[in-house]
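Each remark here refers to the structure printed beneath this line.
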Amino acid sequence: MVRFATEQLRAGHLPLDSWFPFLGLGSPQFLHYQSLPAMLTGLAGIAVGPDTAFRWSLYLLLSLWPVSVYLGARLLGGGRPAAGAAAAMSPFLVSTTGIGYEQHAYVWAGFGVWTQLWASMTLPLAWGFSWRAIRHGRDLLPAVVFVSLTVALHFETGYLAILPLLLWPLVSGRRLGTGARRAAAVGLGALLASAWVILPLIDQRPWAATNEALRGTALANGYGAIRVLGWLASGQLLDHGRIPVITAFAAVGLALAFVRWRDDPAGRALVVVLAGCLLLSFGRATFGSLVDAIPGSGDIFFRRFMMGIQLAALLLAGRGAAALPIPRRLRTPAAVAVLAVVVLAPAWLELRSFDRLNAGHIAAQRRADATQGAELNQLISLIQSAGGGRTYAGTPSNWGADFTVGAVPVFKYLESADVDEVGYTLRTASLMTGPEDRFDDLDPSDYALFGIRFLILPAGASPPVPAQLAARAGPYALWTTESGGYVHAGTIVGSLAADRTNLGARTAALLRSRLAGSGDFLKIDFGRRGPRGSPLPRPTRQALVGEVTSEADDLEQGAATATVTMRRPGVVVLSASFDDGWTATVDGHTRPTVTVAPALVATDVPAGTHTVAFRYRGYPGYPELFALCALTLAAFALRSRLEWCRGARSSRRPWRRTARSWPIHRRTPRGVRGDP
């Protein structure tokens with residue numbers, strides 16, 4: 001995404017309304033996904049290159065995470081010792097899931113949740129400024145800025161940024177109405193400032209598929225109250241696999257917050273936000289359909305809210321560590337540093353071991369890239385020069401998982417080389433993501449549906465469908481199939497009902513039917529509830545309705561053009577995931593697009609020879625939404641400025657009154673205290 005953003009920005013295009021073609025048969029990925037990190041890094045990539053910009057972003061964000069924790073702790077009322085302790089412990093978090101605010105989640109040997117790393121920098125500040133806004137009525141502008149930034153950077157973290165606005169008015173120590181008004185102001189401002197992310201998501205939601213493969217699993221529904229609470233109490237959320245040092249400090253901080261409940265508003269704030277994050281992380285596994293009351297609940301991975309538990313517990317741990325009774329003679333900076341090293345020794349050792357493992361994996365992969373990668377790159381160059389179709393090199397659920405460059409499956413390597421492919425499944429919200437997960441590489445008609453022209457196989461393997469050998473390079477072989485390119489002609493012979501939640505399941509029978517091999521397509525009645533098991537028509541035995549005589553594709557720019565000769569009226573199908581941004585023209589005349597199964601773009605074409613053009617038009621409302629964001633921030637900035645001016649005037653007036661009455665010119669007898 002960073003490379004794509006750099007190229008789009010260099011060409012003067014907005015990535016948000018561009019077609020991202022490389023995964024899931026394409027999608028408006030920058031609209032459906034949290035894409036602000038990719039766009040910011042892509043902007044830096046114009047100057048230094050996208051790969052360099054990405055690597056530096058990862059390094060800087062990991063390095064500066066303790067700074068954000070320190071500032072957030074200070075804003076939340078923690079003293080310097082408590083904030084410093086929380087910052088010192090922050091790099092050493094490690095959980096049993098490995099996908100929270102921990103190094104394991106971001107680096108090579110981890111999960112690579114890079115956008116979450118961006119939001120980890122803003123969430124402590126969003127919490128801190130929101131608390132100051134609710135309790136003191138100050139810093140509304142930075143609260144709005146950091147809450148809206150968190151929403152834009154990472155969606156699940158955005159929920160965690162908004163959560164305290166619902167809870168903290170109850171414990172702020174101010175009148176409930178006052179706290180609620182301040183929280184509402186921050187929340188409304190943040191939602192308006194991030195409307196350029198939220199409104200397109202809501203408007204385009206029908207064309208964003210849910211992850212059918214993970215639906216009903218703990219990854220989507222959460223792990224439930226018993227497991228999460230057990231992990232937290234046993235140290236598995238903060239200190240997995242080692243002595244639970246941070247967990248112990250967090251327990252001390254939690255106990256102190258309860259002991260000082262009446263006199264420590266900031267402690268109360270951390271307790272209630274910890275409780276709120278716990279409830280969110282329990283998810284559907286505990287609360288069932290009740291979570292449907294949460295906006296967007298069908299697209300949330302509830303287990304990700306455990307990162308909020310980690311942050312709240314970390315801030316409590318800082319308070320717990322600062323409360324330790326340290327003798328006065330050991331309070332020098334050098335002594336405190338030595339004590340921190342000793343106390344955190346288990347965390348230091350665990351992190352050092354992981355870093356060594358990570359470095360070993362990176363070194364091994366670099367060696368593989370220099371040998372096997374160079375050989376595979378020869379085949380990739382042939383694919384890119386030929387064009388006109390996608391590439392298949394296995395999937396995570398078949399032989400593709402063991403067909404690798406070093407430790408990286410070839411289908412992942414292709415994605416890193418910006419090759420339009422089928423097989424790296426469940427990576428986007430495109431409508432074709434569910435059907436792609438059910439692709440059958442033994443069925444030639446599936447290759448036509450998915451627009452697959454190239455196969456990369458182990459050098460000694462035979463292709464699963466009729467294909468011609470194009471080239472070999474080391475352990476890899478390139479084959480070309482007979483299925484054609486991205487554009488196909490056919491006839492609609494039936495229909496089926498489906499929506500974004502069940503496309504994969506509803507079209508599974510179609511993918512086994514070989515209908516597409518006869519040029520037969522089913523129209524999708526999108527969004528309509530229909531019977532699950534409707535029988536499919538039989539493939540027709542007639543000659544194909546038409547043929548594609550020439551084709552020109554530029555899916556990176558959201559465009560494809562073909563010349564077709566139709567023997568009778570039919571449809572021309574573009575093997576790209578359907579979205580309502582797709583438009584079609586036939587001989588220059590606009591024609592409506594329709595959805596054909598599994599979830600492809602098509603348009604009706606009469607008999608004869610015609611030029612058919614498909615073009616993607618992105619979401620049109622971004623200029624207005626950017627203006628709304630700017631106006632919102634300007635309004636809060638103006639409000640802050642006016643409040644500052646009023647405060648400055650009020651602070652000067654009492655001084656003038658005091659100066660007039662102060663006996664500054666009056667002689668005072670010598671020896672009297674206060675004599676100048």
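In the structure tokens, chains take the letters A, B, ... in the order shown, each chain's residues start at 1, and ligands count up from 1 in the order shown.
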
**OP:** Pick out the residues sitting within 6 Å of range 595-598 of chain A, and hand them over as a ChimeraX atom specification; count only C-alpha atoms, and ignore anything fewer than 5 positions along from it in its own chain.
**Re:** /A:507,522-524

Subject >> Those in range 422-541 of chain A with strand (DSSP E or B) from DSSP, as a ChimeraX atom specification >> reply: /A:422,452-458,467-473,476-481,487-498,520-526

**OP:** Grab the CA of Gly360 in chain A to CA of Phe4 in chain A distance for me, in Å with one decimal place.
**Re:** 29.5 Å

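Interatomic distance, CA of Pro396 in chain A against CA of Arg205 in chain A: 27.0 Å.
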
Subject >> Exercise: Asp239 in chain A partners within 10 Å, only C-alpha atoms, chain neighbours under 3 positions left out, as a list in words >> reply: Phe92, Leu93, Val94, Ser95, Thr96, Trp231, Leu232, Ser234, Gly235, Gln236, Arg242, Ile243, Pro244, Val245, Ile246, Thr247, Ala248, Pro346, Ala347 and Glu350 of chain A

Selection from above, all heavy atoms, as a short mmCIF file (atom, residue, chain, number, x, y, z; two decimals), in the first residue's frame, can you write it?
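Okay, this is what ended up in part-v4.cif:
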data_model
loop_
_atom_site.label_atom_id
_atom_site.label_comp_id
_atom_site.auth_asym_id
_atom_site.auth_seq_id
_atom_site.Cartn_x
_atom_site.Cartn_y
_atom_site.Cartn_z
N PHE A 92 8.39 -3.59 26.92
CA PHE A 92 8.55 -4.97 27.34
C PHE A 92 7.23 -5.73 27.45
O PHE A 92 7.21 -6.87 27.94
CB PHE A 92 9.28 -5.02 28.68
CG PHE A 92 10.61 -4.33 28.65
CD1 PHE A 92 10.81 -3.15 29.34
CD2 PHE A 92 11.64 -4.84 27.88
CE1 PHE A 92 12.03 -2.49 29.29
CE2 PHE A 92 12.87 -4.19 27.83
CZ PHE A 92 13.06 -3.01 28.53
N LEU A 93 6.13 -5.13 27.01
CA LEU A 93 4.87 -5.85 27.02
C LEU A 93 4.94 -7.05 26.08
O LEU A 93 5.51 -6.96 24.99
CB LEU A 93 3.73 -4.93 26.58
CG LEU A 93 3.40 -3.74 27.48
CD1 LEU A 93 2.30 -2.91 26.83
CD2 LEU A 93 2.97 -4.20 28.86
N VAL A 94 4.36 -8.15 26.48
CA VAL A 94 4.25 -9.33 25.61
C VAL A 94 3.05 -10.14 26.10
O VAL A 94 2.88 -10.35 27.29
CB VAL A 94 5.55 -10.16 25.63
CG1 VAL A 94 5.91 -10.61 27.03
CG2 VAL A 94 5.43 -11.34 24.69
N SER A 95 2.20 -10.54 25.17
CA SER A 95 0.97 -11.24 25.53
C SER A 95 0.94 -12.62 24.91
O SER A 95 1.71 -12.95 24.00
CB SER A 95 -0.24 -10.44 25.05
OG SER A 95 -0.35 -10.49 23.65
N THR A 96 0.00 -13.41 25.36
CA THR A 96 -0.15 -14.76 24.84
C THR A 96 -0.63 -14.76 23.39
O THR A 96 -0.37 -15.69 22.64
CB THR A 96 -1.11 -15.57 25.72
OG1 THR A 96 -1.13 -16.92 25.29
CG2 THR A 96 -2.52 -15.01 25.67
N TRP A 231 -6.14 -14.61 31.62
CA TRP A 231 -4.86 -14.16 31.08
C TRP A 231 -4.34 -12.93 31.81
O TRP A 231 -3.15 -12.82 32.10
CB TRP A 231 -5.00 -13.85 29.59
CG TRP A 231 -5.08 -15.08 28.72
CD1 TRP A 231 -4.64 -16.33 29.01
CD2 TRP A 231 -5.63 -15.14 27.40
NE1 TRP A 231 -4.88 -17.18 27.97
CE2 TRP A 231 -5.50 -16.49 26.97
CE3 TRP A 231 -6.24 -14.22 26.56
CZ2 TRP A 231 -5.93 -16.90 25.72
CZ3 TRP A 231 -6.68 -14.64 25.31
CH2 TRP A 231 -6.53 -15.98 24.89
N LEU A 232 -5.24 -11.98 32.10
CA LEU A 232 -4.81 -10.77 32.79
C LEU A 232 -4.32 -11.08 34.19
O LEU A 232 -3.25 -10.60 34.61
CB LEU A 232 -5.98 -9.77 32.83
CG LEU A 232 -5.69 -8.45 33.55
CD1 LEU A 232 -4.58 -7.68 32.86
CD2 LEU A 232 -6.95 -7.60 33.63
N SER A 234 -3.17 -13.89 35.41
CA SER A 234 -1.99 -14.76 35.45
C SER A 234 -0.76 -14.13 34.81
O SER A 234 0.31 -14.75 34.80
CB SER A 234 -2.31 -16.08 34.75
OG SER A 234 -2.59 -15.85 33.37
N GLY A 235 -0.92 -12.94 34.27
CA GLY A 235 0.22 -12.28 33.65
C GLY A 235 0.39 -12.55 32.18
O GLY A 235 1.36 -12.07 31.56
N GLN A 236 -0.55 -13.27 31.55
CA GLN A 236 -0.37 -13.65 30.16
C GLN A 236 -0.71 -12.53 29.17
O GLN A 236 -0.43 -12.66 27.98
CB GLN A 236 -1.23 -14.88 29.84
CG GLN A 236 -0.88 -16.10 30.66
CD GLN A 236 0.61 -16.43 30.57
OE1 GLN A 236 1.12 -16.71 29.49
NE2 GLN A 236 1.30 -16.39 31.69
N ARG A 242 7.19 -15.23 31.18
CA ARG A 242 8.25 -14.77 32.07
C ARG A 242 7.65 -14.41 33.42
O ARG A 242 6.43 -14.48 33.61
CB ARG A 242 8.96 -13.56 31.47
CG ARG A 242 8.07 -12.33 31.37
CD ARG A 242 8.77 -11.14 30.74
NE ARG A 242 7.92 -9.98 30.76
CZ ARG A 242 7.74 -9.16 29.75
NH1 ARG A 242 8.35 -9.39 28.60
NH2 ARG A 242 6.96 -8.10 29.86
N ILE A 243 8.51 -14.01 34.36
CA ILE A 243 8.02 -13.55 35.66
C ILE A 243 7.13 -12.33 35.46
O ILE A 243 7.54 -11.37 34.79
CB ILE A 243 9.20 -13.21 36.59
CG1 ILE A 243 10.07 -14.46 36.80
CG2 ILE A 243 8.71 -12.67 37.92
CD1 ILE A 243 11.34 -14.18 37.57
N PRO A 244 5.92 -12.31 36.02
CA PRO A 244 4.97 -11.23 35.72
C PRO A 244 5.26 -9.93 36.47
O PRO A 244 4.48 -9.50 37.33
CB PRO A 244 3.63 -11.84 36.14
CG PRO A 244 3.98 -12.79 37.22
CD PRO A 244 5.31 -13.36 36.86
N VAL A 245 6.35 -9.29 36.11
CA VAL A 245 6.77 -8.07 36.80
C VAL A 245 5.78 -6.93 36.53
O VAL A 245 5.30 -6.26 37.45
CB VAL A 245 8.18 -7.67 36.36
CG1 VAL A 245 8.58 -6.34 36.99
CG2 VAL A 245 9.18 -8.74 36.71
N ILE A 246 5.48 -6.68 35.26
CA ILE A 246 4.58 -5.57 34.92
C ILE A 246 3.19 -5.83 35.48
O ILE A 246 2.51 -4.92 35.96
CB ILE A 246 4.54 -5.37 33.39
CG1 ILE A 246 5.95 -5.09 32.86
CG2 ILE A 246 3.61 -4.23 33.01
CD1 ILE A 246 6.02 -4.97 31.35
N THR A 247 2.75 -7.08 35.43
CA THR A 247 1.44 -7.43 35.98
C THR A 247 1.38 -7.12 37.47
O THR A 247 0.37 -6.62 37.98
CB THR A 247 1.15 -8.91 35.74
OG1 THR A 247 1.21 -9.18 34.34
CG2 THR A 247 -0.23 -9.29 36.25
N ALA A 248 2.46 -7.42 38.20
CA ALA A 248 2.48 -7.14 39.63
C ALA A 248 2.38 -5.64 39.90
O ALA A 248 1.64 -5.20 40.79
CB ALA A 248 3.76 -7.71 40.25
N PRO A 346 13.91 -9.75 33.83
CA PRO A 346 13.22 -10.81 33.06
C PRO A 346 12.69 -10.31 31.72
O PRO A 346 12.76 -11.03 30.72
CB PRO A 346 12.07 -11.22 34.00
CG PRO A 346 12.52 -10.82 35.36
CD PRO A 346 13.32 -9.58 35.17
N ALA A 347 12.18 -9.08 31.70
CA ALA A 347 11.68 -8.53 30.44
C ALA A 347 12.81 -8.25 29.47
O ALA A 347 12.70 -8.51 28.26
CB ALA A 347 10.88 -7.26 30.72
N GLU A 350 13.92 -11.61 27.99
CA GLU A 350 12.94 -12.16 27.04
C GLU A 350 12.98 -11.39 25.73
O GLU A 350 12.96 -11.99 24.65
CB GLU A 350 11.54 -12.09 27.66
CG GLU A 350 10.46 -12.79 26.87
CD GLU A 350 9.88 -11.93 25.77
OE1 GLU A 350 9.92 -10.69 25.88
OE2 GLU A 350 9.38 -12.50 24.77
#

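When the distance limit is 8 Å and only C-alpha atoms are what count, the residues near Ala180 in chain A, minus those fewer than 3 positions from it on the same chain, are Ile134, Pro169, Leu176, Gly177, Ala183 and Ala184 of chain A.
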
Original post:
Which polymer residues have any atom within 9 Å of an atom of Leu455 in chain A, counting only C-alpha atoms, with same-chain residues fewer than 3 positions away left out, as JSON, numbers by chain?
Top reply: {"A": [390, 391, 392, 393, 394, 452, 463, 467, 477, 478, 479, 480, 481]}

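For the pair CA of Leu58 in chain A and CA of Arg427 in chain A, the separation is 20.6 Å.
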
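Residue nearest Arg174 in chain A within the list A:Leu64, A:Ala133, A:Ala250, A:Ala584: A:Ala133 [criterion: smallest interatomic distance, only C-alpha atoms].
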
Subject >> Counting only C-alpha atoms, the residue of A:Val465, A:Met566, A:Ala459, A:Val107 that sits nearest Asp446 in chain A >> reply: A:Val465

**OP:** Run DSSP on the backbone and grab whatever in range 370-473 of chain A lands in alpha helix (DSSP H); send it over as a VMD selection string.
**Re:** chain A and resid 374 to 386 410 to 416 433 to 437 444 to 449

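If you count only C-alpha atoms and ignore residues fewer than 6 places along the chain from Arg568 in chain A, what sits within 10 Å of it is Gly490, Thr491, Leu544, Val545, Gly546, Val605, Pro606, Ala607 and Gly608 of chain A.
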
Original post:
Neighbours of Phe305 in chain A within 12 Å (only C-alpha atoms; same-chain residues fewer than 3 positions away dropped), as a PyMOL selection string?
Top reply: chain A and resi 97+99-101+116+154-161+163+219-224+228+237+273-283+300-302+308-312

Original post:
Out of A:Thr540, A:Thr428, A:Asn358, A:Ser120, which residue has the shortest atom-to-atom distance to His104 in chain A when counting only C-alpha atoms?
Top reply: A:Asn358
